[in-house]
>>> print(open('my_file19.cif').read())   # mmCIF, C-alpha atoms
data_query
loop_
_atom_site.group_PDB
_atom_site.id
_atom_site.type_symbol
_atom_site.label_atom_id
_atom_site.label_comp_id
_atom_site.auth_asym_id
_atom_site.auth_seq_id
_atom_site.Cartn_x
_atom_site.Cartn_y
_atom_site.Cartn_z
ATOM 1 C CA MET Y 213 0.000 0.000 0.000
ATOM 2 C CA PRO Y 214 1.525 3.303 -1.012
ATOM 3 C CA VAL Y 215 2.244 5.775 1.768
ATOM 4 C CA ALA Y 216 2.109 9.506 1.236
ATOM 5 C CA THR Y 217 5.211 11.195 2.594
ATOM 6 C CA GLY Y 218 4.812 14.850 1.870
ATOM 7 C CA ALA Y 219 4.255 14.580 -1.872
ATOM 8 C CA SER Y 220 1.134 12.670 -2.922
ATOM 9 C CA ILE Y 221 1.561 9.235 -4.488
ATOM 10 C CA ARG Y 222 -0.628 8.253 -7.410
ATOM 11 C CA GLU Y 223 -1.682 4.673 -7.913
ATOM 12 C CA PRO Y 224 -1.327 3.839 -11.635
ATOM 13 C CA LEU Y 225 -4.558 3.160 -13.469
ATOM 14 C CA ASP Y 226 -5.068 -0.385 -14.649
ATOM 15 C CA THR Y 227 -5.493 0.682 -18.251
ATOM 16 C CA ASN Y 228 -3.114 -1.737 -19.917
ATOM 17 C CA SER Y 229 -4.549 -5.068 -18.907
ATOM 18 C CA THR Y 230 -6.290 -7.076 -21.599
ATOM 19 C CA GLY Y 231 -9.647 -6.621 -19.878
ATOM 20 C CA ALA Y 232 -9.267 -2.857 -19.585
ATOM 21 C CA ARG Y 233 -8.199 -2.539 -23.233
ATOM 22 C CA ALA Y 234 -11.125 -4.689 -24.371
ATOM 23 C CA ALA Y 235 -13.481 -2.542 -22.291
ATOM 24 C CA VAL Y 236 -12.162 0.677 -23.849
ATOM 25 C CA ALA Y 237 -12.627 -0.769 -27.358
ATOM 26 C CA ALA Y 238 -16.126 -1.960 -26.437
ATOM 27 C CA VAL Y 239 -17.113 1.499 -25.181
ATOM 28 C CA ARG Y 240 -15.845 3.068 -28.415
ATOM 29 C CA ILE Y 241 -17.824 0.633 -30.575
ATOM 30 C CA ALA Y 242 -20.926 1.058 -28.406
ATOM 31 C CA VAL Y 243 -20.752 4.856 -28.777
ATOM 32 C CA ALA Y 244 -20.252 4.415 -32.546
ATOM 33 C CA LEU Y 245 -23.384 2.254 -32.707
ATOM 34 C CA LEU Y 246 -25.259 4.888 -30.698
ATOM 35 C CA TRP Y 247 -24.540 7.467 -33.411
ATOM 36 C CA ILE Y 248 -25.085 4.991 -36.264
ATOM 37 C CA GLN Y 249 -28.515 4.032 -34.969
ATOM 38 C CA ASN Y 250 -29.570 7.613 -34.316
ATOM 39 C CA VAL Y 251 -28.361 9.148 -37.570
ATOM 40 C CA ASN Y 252 -30.980 7.020 -39.272
ATOM 41 C CA TRP Y 253 -33.957 9.162 -38.262
ATOM 42 C CA LYS Y 254 -32.362 12.381 -39.497
ATOM 43 C CA ARG Y 255 -34.183 12.320 -42.823
ATOM 44 C CA PRO Y 256 -33.279 14.818 -45.536
ATOM 45 C CA PRO Y 257 -34.269 16.938 -47.285
ATOM 46 C CA ASP Y 258 -36.565 18.655 -44.732
ATOM 47 C CA PHE Y 259 -35.578 16.720 -41.576
ATOM 48 C CA GLY Y 260 -39.177 16.663 -40.347
ATOM 49 C CA GLN Y 261 -39.856 20.370 -40.804
ATOM 50 C CA HIS Y 262 -42.928 19.777 -42.980
ATOM 51 C CA ASN Y 263 -44.793 17.582 -40.503
ATOM 52 C CA LYS Y 264 -43.172 19.115 -37.377
ATOM 53 C CA GLY Y 265 -41.558 15.796 -36.489
ATOM 54 C CA GLY Y 266 -38.137 14.164 -36.505
ATOM 55 C CA LEU Y 267 -35.101 16.361 -36.008
ATOM 56 C CA TYR Y 268 -37.195 19.525 -36.362
ATOM 57 C CA ARG Y 269 -39.371 18.622 -33.378
ATOM 58 C CA PHE Y 270 -36.383 17.952 -31.118
ATOM 59 C CA THR Y 271 -34.610 21.106 -32.267
ATOM 60 C CA ASN Y 272 -37.760 23.129 -31.661
ATOM 61 C CA ASP Y 273 -37.809 21.807 -28.098
ATOM 62 C CA ALA Y 274 -34.963 24.236 -27.397
ATOM 63 C CA VAL Y 275 -37.491 27.019 -27.995
ATOM 64 C CA LEU Y 276 -40.545 25.383 -26.400
ATOM 65 C CA HIS Y 277 -38.689 24.110 -23.327
ATOM 66 C CA PRO Y 278 -35.657 26.395 -22.945
ATOM 67 C CA VAL Y 279 -32.577 25.164 -21.121
ATOM 68 C CA VAL Y 280 -30.334 28.237 -21.406
ATOM 69 C CA ALA Y 281 -31.554 31.498 -22.910
ATOM 70 C CA PRO Y 282 -28.651 32.217 -25.306
ATOM 71 C CA PHE Y 283 -28.962 28.766 -26.900
ATOM 72 C CA THR Y 284 -32.735 29.210 -27.236
ATOM 73 C CA TRP Y 285 -32.152 32.557 -28.979
ATOM 74 C CA PHE Y 286 -29.587 30.917 -31.291
ATOM 75 C CA VAL Y 287 -31.964 28.105 -32.261
ATOM 76 C CA LYS Y 288 -34.946 30.436 -32.730
ATOM 77 C CA HIS Y 289 -33.188 33.105 -34.803
ATOM 78 C CA ILE Y 290 -30.347 31.244 -36.536
ATOM 79 C CA VAL Y 291 -31.035 27.498 -36.686
ATOM 80 C CA LEU Y 292 -34.766 27.228 -37.384
ATOM 81 C CA PRO Y 293 -34.837 29.830 -40.211
ATOM 82 C CA HIS Y 294 -32.027 27.866 -41.935
ATOM 83 C CA PHE Y 295 -33.124 24.456 -40.793
ATOM 84 C CA ALA Y 296 -32.186 22.419 -43.870
ATOM 85 C CA LEU Y 297 -28.568 23.608 -43.597
ATOM 86 C CA PHE Y 298 -28.357 22.655 -39.919
ATOM 87 C CA GLY Y 299 -30.136 19.378 -40.685
ATOM 88 C CA TYR Y 300 -27.461 18.423 -43.197
ATOM 89 C CA LEU Y 301 -24.719 19.521 -40.779
ATOM 90 C CA THR Y 302 -26.242 17.250 -38.128
ATOM 91 C CA LEU Y 303 -26.528 14.387 -40.610
ATOM 92 C CA ILE Y 304 -22.902 14.642 -41.741
ATOM 93 C CA THR Y 305 -21.621 15.110 -38.180
ATOM 94 C CA GLU Y 306 -23.438 12.079 -36.796
ATOM 95 C CA PHE Y 307 -22.589 9.986 -39.886
ATOM 96 C CA GLY Y 308 -18.924 10.830 -39.308
ATOM 97 C CA LEU Y 309 -19.180 10.095 -35.600
ATOM 98 C CA GLY Y 310 -20.606 6.645 -36.291
ATOM 99 C CA ALA Y 311 -18.181 5.716 -39.056
ATOM 100 C CA PHE Y 312 -14.953 7.101 -37.570
ATOM 101 C CA LEU Y 313 -15.588 5.870 -34.028
ATOM 102 C CA LEU Y 314 -16.448 2.425 -35.401
ATOM 103 C CA ALA Y 315 -13.139 2.322 -37.280
ATOM 104 C CA GLY Y 316 -11.258 3.926 -34.385
ATOM 105 C CA LEU Y 317 -9.774 6.539 -36.708
ATOM 106 C CA LEU Y 318 -8.873 10.023 -35.373
ATOM 107 C CA THR Y 319 -10.775 9.027 -32.272
ATOM 108 C CA ARG Y 320 -9.790 11.903 -29.992
ATOM 109 C CA PHE Y 321 -10.949 14.460 -32.572
ATOM 110 C CA TRP Y 322 -14.265 12.664 -33.020
ATOM 111 C CA ALA Y 323 -14.674 12.348 -29.248
ATOM 112 C CA VAL Y 324 -14.473 16.151 -29.069
ATOM 113 C CA VAL Y 325 -17.011 16.398 -31.919
ATOM 114 C CA GLY Y 326 -19.218 13.976 -29.982
ATOM 115 C CA LEU Y 327 -18.974 16.152 -26.879
ATOM 116 C CA ALA Y 328 -19.988 19.212 -28.913
ATOM 117 C CA GLN Y 329 -22.909 17.362 -30.499
ATOM 118 C CA THR Y 330 -23.981 16.025 -27.092
ATOM 119 C CA THR Y 331 -23.910 19.586 -25.772
ATOM 120 C CA ALA Y 332 -26.197 20.749 -28.595
ATOM 121 C CA ILE Y 333 -28.596 17.858 -27.997
ATOM 122 C CA THR Y 334 -28.591 18.382 -24.237
ATOM 123 C CA LEU Y 335 -29.279 22.102 -24.545
ATOM 124 C CA SER Y 336 -32.163 21.305 -26.907
ATOM 125 C CA VAL Y 337 -34.069 18.631 -25.013
ATOM 126 C CA LEU Y 338 -32.937 18.555 -21.383
ATOM 127 C CA ASN Y 339 -36.144 20.251 -20.186
ATOM 128 C CA THR Y 340 -38.460 18.459 -22.590
ATOM 129 C CA PRO Y 341 -41.106 16.434 -20.726
ATOM 130 C CA ASN Y 342 -40.475 12.677 -20.507
ATOM 131 C CA GLU Y 343 -36.779 12.994 -21.389
ATOM 132 C CA TRP Y 344 -34.429 11.023 -19.140
ATOM 133 C CA GLN Y 345 -31.711 13.607 -18.490
ATOM 134 C CA TRP Y 346 -29.173 10.960 -17.490
ATOM 135 C CA SER Y 347 -29.104 9.811 -21.138
ATOM 136 C CA TYR Y 348 -27.233 12.991 -21.945
ATOM 137 C CA TYR Y 349 -25.031 12.965 -18.861
ATOM 138 C CA LEU Y 350 -24.002 9.401 -19.774
ATOM 139 C CA MET Y 351 -23.272 10.475 -23.348
ATOM 140 C CA PHE Y 352 -20.927 13.133 -21.974
ATOM 141 C CA ALA Y 353 -19.267 10.544 -19.730
ATOM 142 C CA ALA Y 354 -18.779 8.057 -22.574
ATOM 143 C CA HIS Y 355 -17.169 10.628 -24.873
ATOM 144 C CA ILE Y 356 -14.901 11.868 -22.089
ATOM 145 C CA VAL Y 357 -13.714 8.272 -21.619
ATOM 146 C CA LEU Y 358 -12.977 7.994 -25.375
ATOM 147 C CA LEU Y 359 -11.072 11.279 -25.295
ATOM 148 C CA ALA Y 360 -9.115 10.544 -22.127
ATOM 149 C CA THR Y 361 -8.095 7.011 -23.099
ATOM 150 C CA ALA Y 362 -7.466 7.733 -26.821
ATOM 151 C CA ALA Y 363 -9.721 4.772 -27.411
ATOM 152 C CA GLY Y 364 -8.868 4.293 -31.089
ATOM 153 C CA ARG Y 365 -5.459 2.935 -30.110
ATOM 154 C CA VAL Y 366 -7.117 -0.264 -28.910
ATOM 155 C CA GLY Y 367 -8.566 -2.423 -31.669
ATOM 156 C CA GLY Y 368 -8.845 0.659 -33.868
ATOM 157 C CA LEU Y 369 -6.992 2.190 -36.787
ATOM 158 C CA ASP Y 370 -5.301 4.818 -34.616
ATOM 159 C CA GLY Y 371 -3.230 2.138 -32.917
ATOM 160 C CA LEU Y 372 -2.325 0.697 -36.293
ATOM 161 C CA LEU Y 373 -1.487 3.917 -38.101
ATOM 162 C CA ARG Y 374 0.127 6.055 -35.413
ATOM 163 C CA PRO Y 375 3.575 4.427 -35.855
ATOM 164 C CA ARG Y 376 3.379 5.328 -39.565
ATOM 165 C CA TRP Y 377 2.252 8.868 -38.831
ATOM 166 C CA ARG Y 378 5.082 9.233 -36.303
ATOM 167 C CA GLN Y 379 7.639 8.327 -38.982
ATOM 168 C CA SER Y 380 6.191 10.801 -41.444
ATOM 169 C CA SER Y 381 7.324 14.427 -41.592
ATOM 170 C CA SER Y 382 4.119 15.714 -43.193
ATOM 171 C CA ARG Y 383 1.833 18.197 -41.435
ATOM 172 C CA LEU Y 384 -1.156 15.923 -42.024
ATOM 173 C CA ALA Y 385 0.565 13.126 -40.144
ATOM 174 C CA ALA Y 386 1.347 15.507 -37.277
ATOM 175 C CA LEU Y 387 -2.316 16.549 -37.164
ATOM 176 C CA ALA Y 388 -3.436 12.921 -37.283
ATOM 177 C CA LEU Y 389 -1.173 12.136 -34.329
ATOM 178 C CA LYS Y 390 -2.786 14.915 -32.314
ATOM 179 C CA ALA Y 391 -6.285 13.845 -33.364
ATOM 180 C CA SER Y 392 -5.730 10.227 -32.387
ATOM 181 C CA MET R 151 2.521 -5.961 -32.704
ATOM 182 C CA SER R 152 5.545 -7.046 -34.650
ATOM 183 C CA ARG R 153 8.896 -7.658 -33.048
ATOM 184 C CA PRO R 154 11.950 -5.892 -34.364
ATOM 185 C CA GLY R 155 14.738 -7.664 -36.120
ATOM 186 C CA VAL R 156 14.741 -10.946 -38.001
ATOM 187 C CA GLY R 157 11.338 -12.077 -39.238
ATOM 188 C CA THR R 158 9.738 -8.644 -39.175
ATOM 189 C CA THR R 159 8.170 -9.126 -42.595
ATOM 190 C CA ALA R 160 6.720 -12.490 -41.661
ATOM 191 C CA ALA R 161 5.296 -10.987 -38.479
ATOM 192 C CA GLN R 162 3.831 -8.125 -40.486
ATOM 193 C CA MET R 163 2.128 -10.544 -42.834
ATOM 194 C CA GLY R 164 0.822 -12.502 -39.864
ATOM 195 C CA SER R 165 -0.707 -9.367 -38.409
ATOM 196 C CA LEU R 166 -2.213 -8.490 -41.802
ATOM 197 C CA ARG R 167 -3.925 -11.871 -41.773
ATOM 198 C CA ARG R 168 -5.122 -11.494 -38.186
ATOM 199 C CA ARG R 169 -6.369 -7.925 -38.563
ATOM 200 C CA GLY R 170 -7.919 -8.539 -41.962
ATOM 201 C CA LEU R 171 -9.795 -11.492 -40.544
ATOM 202 C CA GLY R 172 -10.873 -9.340 -37.585
ATOM 203 C CA VAL R 173 -12.423 -6.662 -39.816
ATOM 204 C CA SER R 174 -13.972 -9.365 -42.021
ATOM 205 C CA LEU R 175 -15.547 -10.934 -38.944
ATOM 206 C CA CYS R 176 -16.968 -7.543 -37.905
ATOM 207 C CA THR R 177 -18.342 -7.082 -41.432
ATOM 208 C CA ALA R 178 -19.998 -10.496 -41.343
ATOM 209 C CA ALA R 179 -21.366 -9.702 -37.885
ATOM 210 C CA GLY R 180 -23.087 -6.638 -39.366
ATOM 211 C CA SER R 181 -25.357 -8.987 -41.307
ATOM 212 C CA LEU R 182 -26.767 -10.231 -37.980
ATOM 213 C CA PHE R 183 -28.786 -7.014 -37.755
ATOM 214 C CA ALA R 184 -30.993 -8.549 -40.448
ATOM 215 C CA THR R 185 -32.011 -11.286 -38.033
ATOM 216 C CA PHE R 186 -33.169 -9.013 -35.199
ATOM 217 C CA ASP R 187 -36.866 -8.380 -35.030
ATOM 218 C CA TYR R 188 -36.480 -6.031 -32.090
ATOM 219 C CA THR R 189 -36.073 -2.329 -32.793
ATOM 220 C CA PRO R 190 -33.737 -1.348 -29.914
ATOM 221 C CA LEU R 191 -31.183 -3.905 -31.153
ATOM 222 C CA ASN R 192 -31.370 -2.823 -34.780
ATOM 223 C CA PHE R 193 -28.412 -0.468 -34.589
ATOM 224 C CA ALA R 194 -28.293 -0.312 -38.389
ATOM 225 C CA VAL R 195 -30.950 -0.960 -41.013
ATOM 226 C CA VAL R 196 -29.879 -4.242 -42.600
ATOM 227 C CA ASP R 197 -32.326 -6.118 -44.801
ATOM 228 C CA THR R 198 -31.652 -9.396 -46.601
ATOM 229 C CA ARG R 199 -30.036 -7.679 -49.599
ATOM 230 C CA ILE R 200 -27.678 -5.630 -47.421
ATOM 231 C CA ALA R 201 -26.887 -8.739 -45.353
ATOM 232 C CA VAL R 202 -25.876 -10.610 -48.510
ATOM 233 C CA ILE R 203 -23.653 -7.694 -49.593
ATOM 234 C CA LEU R 204 -21.987 -7.667 -46.167
ATOM 235 C CA LEU R 205 -21.452 -11.435 -46.179
ATOM 236 C CA VAL R 206 -19.990 -11.456 -49.690
ATOM 237 C CA LEU R 207 -17.615 -8.581 -48.904
ATOM 238 C CA ALA R 208 -16.694 -10.203 -45.587
ATOM 239 C CA GLY R 209 -15.895 -13.405 -47.471
ATOM 240 C CA LEU R 210 -13.712 -11.561 -49.969
ATOM 241 C CA GLY R 211 -12.004 -9.707 -47.121
ATOM 242 C CA ALA R 212 -11.347 -12.962 -45.288
ATOM 243 C CA LEU R 213 -9.942 -14.456 -48.482
ATOM 244 C CA GLY R 214 -7.680 -11.443 -48.942
ATOM 245 C CA ALA R 215 -6.514 -11.751 -45.347
ATOM 246 C CA MET R 216 -5.857 -15.489 -45.551
ATOM 247 C CA LEU R 217 -3.937 -15.098 -48.808
ATOM 248 C CA GLU R 218 -2.274 -11.926 -47.470
ATOM 249 C CA GLN R 219 -3.415 -10.036 -50.542
ATOM 250 C CA ARG R 220 -3.439 -6.356 -49.619
ATOM 251 C CA LEU R 221 -5.019 -5.437 -52.951
ATOM 252 C CA LEU R 222 -8.087 -7.519 -52.193
ATOM 253 C CA LEU R 223 -8.448 -5.827 -48.798
ATOM 254 C CA LEU R 224 -8.049 -2.441 -50.481
ATOM 255 C CA GLY R 225 -10.710 -3.418 -53.012
ATOM 256 C CA VAL R 226 -13.205 -4.564 -50.379
ATOM 257 C CA GLY R 227 -12.537 -1.425 -48.310
ATOM 258 C CA SER R 228 -12.987 0.829 -51.326
ATOM 259 C CA VAL R 229 -16.290 -0.825 -52.283
ATOM 260 C CA LEU R 230 -17.623 -0.472 -48.725
ATOM 261 C CA LEU R 231 -16.504 3.149 -48.490
ATOM 262 C CA LEU R 232 -18.048 3.902 -51.890
ATOM 263 C CA LEU R 233 -21.323 2.255 -50.857
ATOM 264 C CA GLY R 234 -21.281 4.343 -47.675
ATOM 265 C CA ALA R 235 -20.652 7.567 -49.590
ATOM 266 C CA VAL R 236 -23.387 6.755 -52.127
ATOM 267 C CA GLY R 237 -25.772 5.952 -49.285
ATOM 268 C CA LEU R 238 -25.033 9.290 -47.626
ATOM 269 C CA VAL R 239 -25.326 11.339 -50.802
ATOM 270 C CA SER R 240 -28.507 9.610 -51.931
ATOM 271 C CA ALA R 241 -30.151 9.872 -48.498
ATOM 272 C CA GLY R 242 -33.547 11.494 -48.771
ATOM 273 C CA HIS R 243 -34.097 10.324 -52.334
ATOM 274 C CA GLY R 244 -36.590 7.549 -51.779
ATOM 275 C CA LYS R 245 -34.840 4.410 -50.586
ATOM 276 C CA GLY R 246 -31.497 5.677 -51.844
ATOM 277 C CA LEU R 247 -29.332 3.793 -54.280
ATOM 278 C CA ILE R 248 -28.258 1.005 -51.960
ATOM 279 C CA GLY R 249 -31.382 0.674 -49.836
ATOM 280 C CA GLY R 250 -31.178 0.331 -46.094
ATOM 281 C CA GLY R 251 -30.836 3.724 -44.458
ATOM 282 C CA ILE R 252 -28.286 6.324 -43.468
ATOM 283 C CA SER R 253 -27.261 4.052 -40.604
ATOM 284 C CA THR R 254 -26.415 1.375 -43.186
ATOM 285 C CA ALA R 255 -24.267 3.876 -45.057
ATOM 286 C CA ALA R 256 -22.420 4.837 -41.842
ATOM 287 C CA LEU R 257 -21.853 1.151 -41.065
ATOM 288 C CA PHE R 258 -20.480 0.569 -44.585
ATOM 289 C CA ALA R 259 -18.192 3.595 -44.298
ATOM 290 C CA GLY R 260 -16.809 2.555 -40.905
ATOM 291 C CA LEU R 261 -16.118 -1.006 -42.051
ATOM 292 C CA GLY R 262 -14.615 0.271 -45.310
ATOM 293 C CA MET R 263 -12.227 2.493 -43.386
ATOM 294 C CA GLY R 264 -11.305 -0.554 -41.311
ATOM 295 C CA PHE R 265 -10.290 -2.593 -44.359
ATOM 296 C CA LEU R 266 -8.446 0.338 -45.955
ATOM 297 C CA GLY R 267 -6.629 1.145 -42.703
ATOM 298 C CA VAL R 268 -5.487 -2.453 -42.218
ATOM 299 C CA ALA R 269 -4.233 -2.602 -45.810
ATOM 300 C CA ALA R 270 -2.541 0.810 -45.547
ATOM 301 C CA ALA R 271 -0.759 -0.120 -42.335
ATOM 302 C CA HIS R 272 0.868 -3.084 -44.021
ATOM 303 C CA ASP R 273 2.143 -1.372 -47.142
ATOM 304 C CA GLN R 274 5.752 -1.815 -46.040
ATOM 305 C CA PRO R 275 7.626 -3.566 -43.238
ATOM 306 C CA ALA R 276 7.598 -1.509 -40.075
ATOM 307 C CA ARG R 277 10.790 -0.129 -38.627
ATOM 308 C CA PRO R 278 11.981 -1.523 -35.305
ATOM 309 C CA GLN R 279 10.518 1.389 -33.338
ATOM 310 C CA ASP R 280 7.069 0.561 -34.717
ATOM 311 C CA SER R 281 6.196 -1.457 -31.680
ATOM 312 C CA GLY R 282 2.822 0.190 -31.317
ATOM 313 C CA ASP R 283 1.264 2.493 -28.796
ATOM 314 C CA ARG R 284 0.860 0.071 -25.992
ATOM 315 C CA PRO R 285 2.588 1.763 -23.079
ATOM 316 C CA THR R 286 4.356 -0.213 -20.422
ATOM 317 C CA HIS R 287 3.262 0.030 -16.835
ATOM 318 C CA PRO R 288 5.602 1.707 -14.402
ATOM 319 C CA ALA R 289 7.058 -0.862 -12.088
#
>>> encode(input="my_file19.cif", output="C-alpha cells")
Amino acid sequence: MPVATGASIREPLDTNSTGARAAVAAVRIAVALLWIQNVNWKRPPDFGQHNKGGLYRFTNDAVLHPVVAPFTWFVKHIVLPHFALFGYLTLITEFGLGAFLLAGLLTRFWAVVGLAQTTAITLSVLNTPNEWQWSYYLMFAAHIVLLATAAGRVGGLDGLLRPRWRQSSSRLAALALKAS
Amino acid sequence: MSRPGVGTTAAQMGSLRRRGLGVSLCTAAGSLFATFDYTPLNFAVVDTRIAVILLVLAGLGALGAMLEQRLLLLGVGSVLLLLGAVGLVSAGHGKGLIGGGISTAALFAGLGMGFLGVAAAHDQPARPQDSGDRPTHPA
C-alpha cells in the first residue's frame, strides 16, 4: 500500500490489462453504434420540418422548453430559419461520428465532436417532458472516456497507423497524431 | 505488434492476416442485424439484400486476409466506403441507391475504413521502433 510522505503518491490506473483494453474498445464501438442508430432518423431533405416531427421537433424543443436562454435565442433566430442547412450539418456530423468511431480513426478528434454534439442535444431537449436527463449525462461521460483514453489505439486504426504517422514528416501526419 | 529484427516481414504478414480477418468478422457480424426483429437492437438498417452484400464482402475480405493479398483488402474497403458515400449522398431520395438507411451507409463507411486502414498499415515492413502504442506500466 503506497504511503504519502509529503508529496502525494498516485496509484497507476489499470489501463493496460487485456480486460481494460477490451473494455475501452467496447465502449468506443458502443458509442459508434449509438450514433449509427440515431443518424438514421435524421431524414433529408426537410428533416421533419414539414410535418413538425423528426429532427425539427427535437430542435424546436430548445425554444418550447428552454434550457439556457442564449442557446434558445440561437436556435430560434439562426437554426430554425435555416433548418435544412443545420439538418445536413447534423446528418454529416453524426454519420462521421458513427463511421470514424467504429473504425477507431482520429478518435480523440471525433470524441471532441461527440462532446460538442452532445452539448447541442442536451441544450435542446434537457427540459423536454419525458426525457431522461441521465441519457445525456451518460453520453458526456462516454465521450470523455474515449477522449481521455485515446480509445482508437485499442482495436482501432489509430493504434495501427500512429507508428506510420510518427515516422512521417508531413503536417497531415502531425495533425493525425494529435487527433488520435 | 511485430517484433523488431529478423522475421519482421513475416510478423507483419501474420498481423495483416489477423487484422484482416478481424475486420472481415466484424463485417460479417453486421449482417446479424438482419435477423433481429427487435427495434432497440437494430443499430443499423440491414435487410436481406444488405446482409448478402456484407457477407460477400466479408468473405472476400477474409480471403484477402488469408492469402495476405493487400489489394483484395483495399478493393473490399474501397467498395464499402463507396457504398457508404453513395448511401449518404442519396439519403432522402426515396430508398437511396443502396437501400437500407443512413445508418447502413455509416456502417459501410466505418467497415470500409477498417479494411483500408489495415491494408494501408501493411504497405511496407515496419521499422523496429514501430512497436505500437501500448505503453508499459511503471514498475
>>> resolve_selection(input="my_file19.cif", expression="the PyMOL selection byres ((chain Y) within 7 of (chain R))", output="list in words")
Leu245, Ile248, Gln249, Val251, Asn252, Arg255, Pro256, Pro257, Phe307, Gly310, Ala311, Phe312, Leu314, Ala315, Arg365, Leu369, Gly371, Leu372, Leu373 and Pro375 of chain Y
>>> closest_residue(input="my_file19.cif", among="R:Ala269, R:Ile248, R:Ala235, R:Val229", to="Arg199 (chain R)", atoms="all atoms listed in the file")
R:Ile248
>>> closest_residue(input="my_file19.cif", among="R:Leu223, R:Ala201, R:Val196, R:Ala184", to="Leu166 (chain R)", atoms="all atoms listed in the file")
R:Leu223
>>> atom_distance(input="my_file19.cif", atom1="CA of Gly266 (chain Y)", atom2="CA of Lys254 (chain Y)")
6.7 Å
>>> atom_distance(input="my_file19.cif", atom1="CA of Thr361 (chain Y)", atom2="CA of Val236 (chain Y)")
7.6 Å
>>> resolve_selection(input="my_file19.cif", expression="the PyMOL selection byres ((chain Y and resi 388) around 12)", output="PyMOL selection string")
chain Y and resi 317-322+364+369-371+373-378+380-387+389-392
>>> atom_distance(input="my_file19.cif", atom1="CA of Val226 (chain R)", atom2="CA of Ile203 (chain R)")
10.9 Å
>>> resolve_selection(input="my_file19.cif", expression="the PyMOL selection byres ((chain R and resi 218) around 12)", output="NGL selection string")
:R and (159-171 or 210-217 or 219-224 or 268-269 or 272-273)
>>> write_last_selection(input="my_file19.cif", atoms="C-alpha atoms", output="PDB file, in the coordinates of the input")
ATOM      1  CA  THR R 159       8.170  -9.126 -42.595  1.00  0.00           C
ATOM      2  CA  ALA R 160       6.720 -12.490 -41.661  1.00  0.00           C
ATOM      3  CA  ALA R 161       5.296 -10.987 -38.479  1.00  0.00           C
ATOM      4  CA  GLN R 162       3.831  -8.125 -40.486  1.00  0.00           C
ATOM      5  CA  MET R 163       2.128 -10.544 -42.834  1.00  0.00           C
ATOM      6  CA  GLY R 164       0.822 -12.502 -39.864  1.00  0.00           C
ATOM      7  CA  SER R 165      -0.707  -9.367 -38.409  1.00  0.00           C
ATOM      8  CA  LEU R 166      -2.213  -8.490 -41.802  1.00  0.00           C
ATOM      9  CA  ARG R 167      -3.925 -11.871 -41.773  1.00  0.00           C
ATOM     10  CA  ARG R 168      -5.122 -11.494 -38.186  1.00  0.00           C
ATOM     11  CA  ARG R 169      -6.369  -7.925 -38.563  1.00  0.00           C
ATOM     12  CA  GLY R 170      -7.919  -8.539 -41.962  1.00  0.00           C
ATOM     13  CA  LEU R 171      -9.795 -11.492 -40.544  1.00  0.00           C
ATOM     14  CA  LEU R 210     -13.712 -11.561 -49.969  1.00  0.00           C
ATOM     15  CA  GLY R 211     -12.004  -9.707 -47.121  1.00  0.00           C
ATOM     16  CA  ALA R 212     -11.347 -12.962 -45.288  1.00  0.00           C
ATOM     17  CA  LEU R 213      -9.942 -14.456 -48.482  1.00  0.00           C
ATOM     18  CA  GLY R 214      -7.680 -11.443 -48.942  1.00  0.00           C
ATOM     19  CA  ALA R 215      -6.514 -11.751 -45.347  1.00  0.00           C
ATOM     20  CA  MET R 216      -5.857 -15.489 -45.551  1.00  0.00           C
ATOM     21  CA  LEU R 217      -3.937 -15.098 -48.808  1.00  0.00           C
ATOM     22  CA  GLN R 219      -3.415 -10.036 -50.542  1.00  0.00           C
ATOM     23  CA  ARG R 220      -3.439  -6.356 -49.619  1.00  0.00           C
ATOM     24  CA  LEU R 221      -5.019  -5.437 -52.951  1.00  0.00           C
ATOM     25  CA  LEU R 222      -8.087  -7.519 -52.193  1.00  0.00           C
ATOM     26  CA  LEU R 223      -8.448  -5.827 -48.798  1.00  0.00           C
ATOM     27  CA  LEU R 224      -8.049  -2.441 -50.481  1.00  0.00           C
ATOM     28  CA  VAL R 268      -5.487  -2.453 -42.218  1.00  0.00           C
ATOM     29  CA  ALA R 269      -4.233  -2.602 -45.810  1.00  0.00           C
ATOM     30  CA  HIS R 272       0.868  -3.084 -44.021  1.00  0.00           C
ATOM     31  CA  ASP R 273       2.143  -1.372 -47.142  1.00  0.00           C
TER      32      ASP R 273
END
